[in-house]
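Participant: I'd like to ask you about the structure that follows.
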Amino acid sequence: MASVKFPVNPDVLRWAIEASNCDVYTLAEKFPKLDSWLSKDDMPTFKQLESLSKKLHIPLGYIILDTPPVEKIELLEFRTIENSKITKPSRELIDTIYAMQERQEWMREYMISEDEDPLD
């Protein structure tokens, strides 16, 4: 059975690689056709995109977008190192912030459903 090629925007791939902080040369070893995907000379299979997504720690849905997403994380404005803002957070930090926001929202909804008094 032949593999089905999946069209991806090279700009989105570049964004995903940059956002993941992965080394391009290391990625090229694992994904030998990466250069041809970036130049649109070839297209990856869905399975290759899944593997790339896992390697980059970027959701697969982001990689198949038409344009690179803009991630605006307001909590980053409060994160500093020696009073300098973090301009390029790690994927792990972004994932942790998203997970905590989801948990906060769940707890808020749960407390409302239980008729709890608002916190001070």
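Naming works like this for the structure tokens: A, B, ... for the chains as they're shown, residue 1 at the start of each chain, ligands 1 onward in shown order.
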Do you know which residues are at most 9 Å from stretch 57-59 of chain A counting only C-alpha atoms, after dropping those on the same chain fewer than 6 positions away, and could you put them as a PyMOL selection string?

Facilitator: chain A and resi 16-17+19-20+50+91-92+95

Participant: Write a file of the selected residues as a compact mmCIF listing (two decimals), in the first residue's frame, keeping N, CA and C atoms.

Facilitator:
```
# COMPACT_ATOMS: atom_id res chain seq x y z
N ALA A 16 7.52 25.52 13.71
CA ALA A 16 7.51 24.40 14.65
C ALA A 16 8.93 24.05 15.10
N ILE A 17 9.87 24.04 14.17
CA ILE A 17 11.26 23.72 14.51
C ILE A 17 11.82 24.79 15.44
N ALA A 19 10.10 26.91 17.36
CA ALA A 19 9.37 26.92 18.63
C ALA A 19 9.79 25.77 19.54
N SER A 20 10.28 24.69 18.95
CA SER A 20 10.66 23.53 19.75
C SER A 20 12.07 23.63 20.32
N GLU A 50 3.41 12.80 12.15
CA GLU A 50 3.17 12.39 13.54
C GLU A 50 4.49 12.25 14.30
N ARG A 91 9.36 24.82 25.01
CA ARG A 91 8.09 24.13 24.76
C ARG A 91 7.54 23.58 26.07
N GLU A 92 8.44 23.11 26.95
CA GLU A 92 8.01 22.55 28.22
C GLU A 92 7.30 23.62 29.06
N ASP A 95 3.87 24.31 27.46
CA ASP A 95 2.96 23.21 27.74
C ASP A 95 2.50 23.22 29.19
```

Participant: Please give the complete set of residues from chain A that DSSP, run on the backbone, assigns to strand (DSSP E or B), formatted as a PyMOL selection string.

Facilitator: chain A and resi 5+45+80-81+84-85

Participant: Quick one, how far is atom CA of A:Ser36 from atom CA of A:Asp11?

Facilitator: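 Going from atom CA of A:Ser36 over to atom CA of A:Asp11, I get 13.1 Å.
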
Participant: Extract the full set of helix (DSSP H, G or I) residues from chain A according to DSSP on the backbone, and format it as number ranges by chain.

Facilitator: A: 10-20, 24-30, 34-38, 46-56, 60-63, 74-78, 91-113

Participant: So that I can check the surroundings of A:Met43, please list as a list in words every protein, DNA and RNA residue that reaches within 8 Å of it, counting only C-alpha atoms and ignoring chain neighbours fewer than 4 positions away.

Facilitator: Lys5, Phe6, Pro7, Val8, Ser36 and Trp37 of chain A

Participant: What does the distance from atom CA of A:Ile94 to atom CA of A:Ser53 come to in Å, to one decimal?

Facilitator: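 If I compute the distance from atom CA of A:Ile94 to atom CA of A:Ser53, I get 15.4 Å.
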
Participant: So, with only C-alpha atoms as the atoms that count, which of A:Thr67, A:Ser3, A:Ser39, A:Ser90 lies closest to A:Glu18?

Facilitator: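 Of A:Thr67, A:Ser3, A:Ser39, A:Ser90, the one nearest A:Glu18, counting only C-alpha atoms, is A:Ser90.
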
Participant: From the list A:Trp15, A:Phe31, A:Tyr25, A:Tyr110, which residue is nearest A:Leu52 when using only C-alpha atoms?

Facilitator: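 Selected residue with least distance to A:Leu52: A:Phe31.
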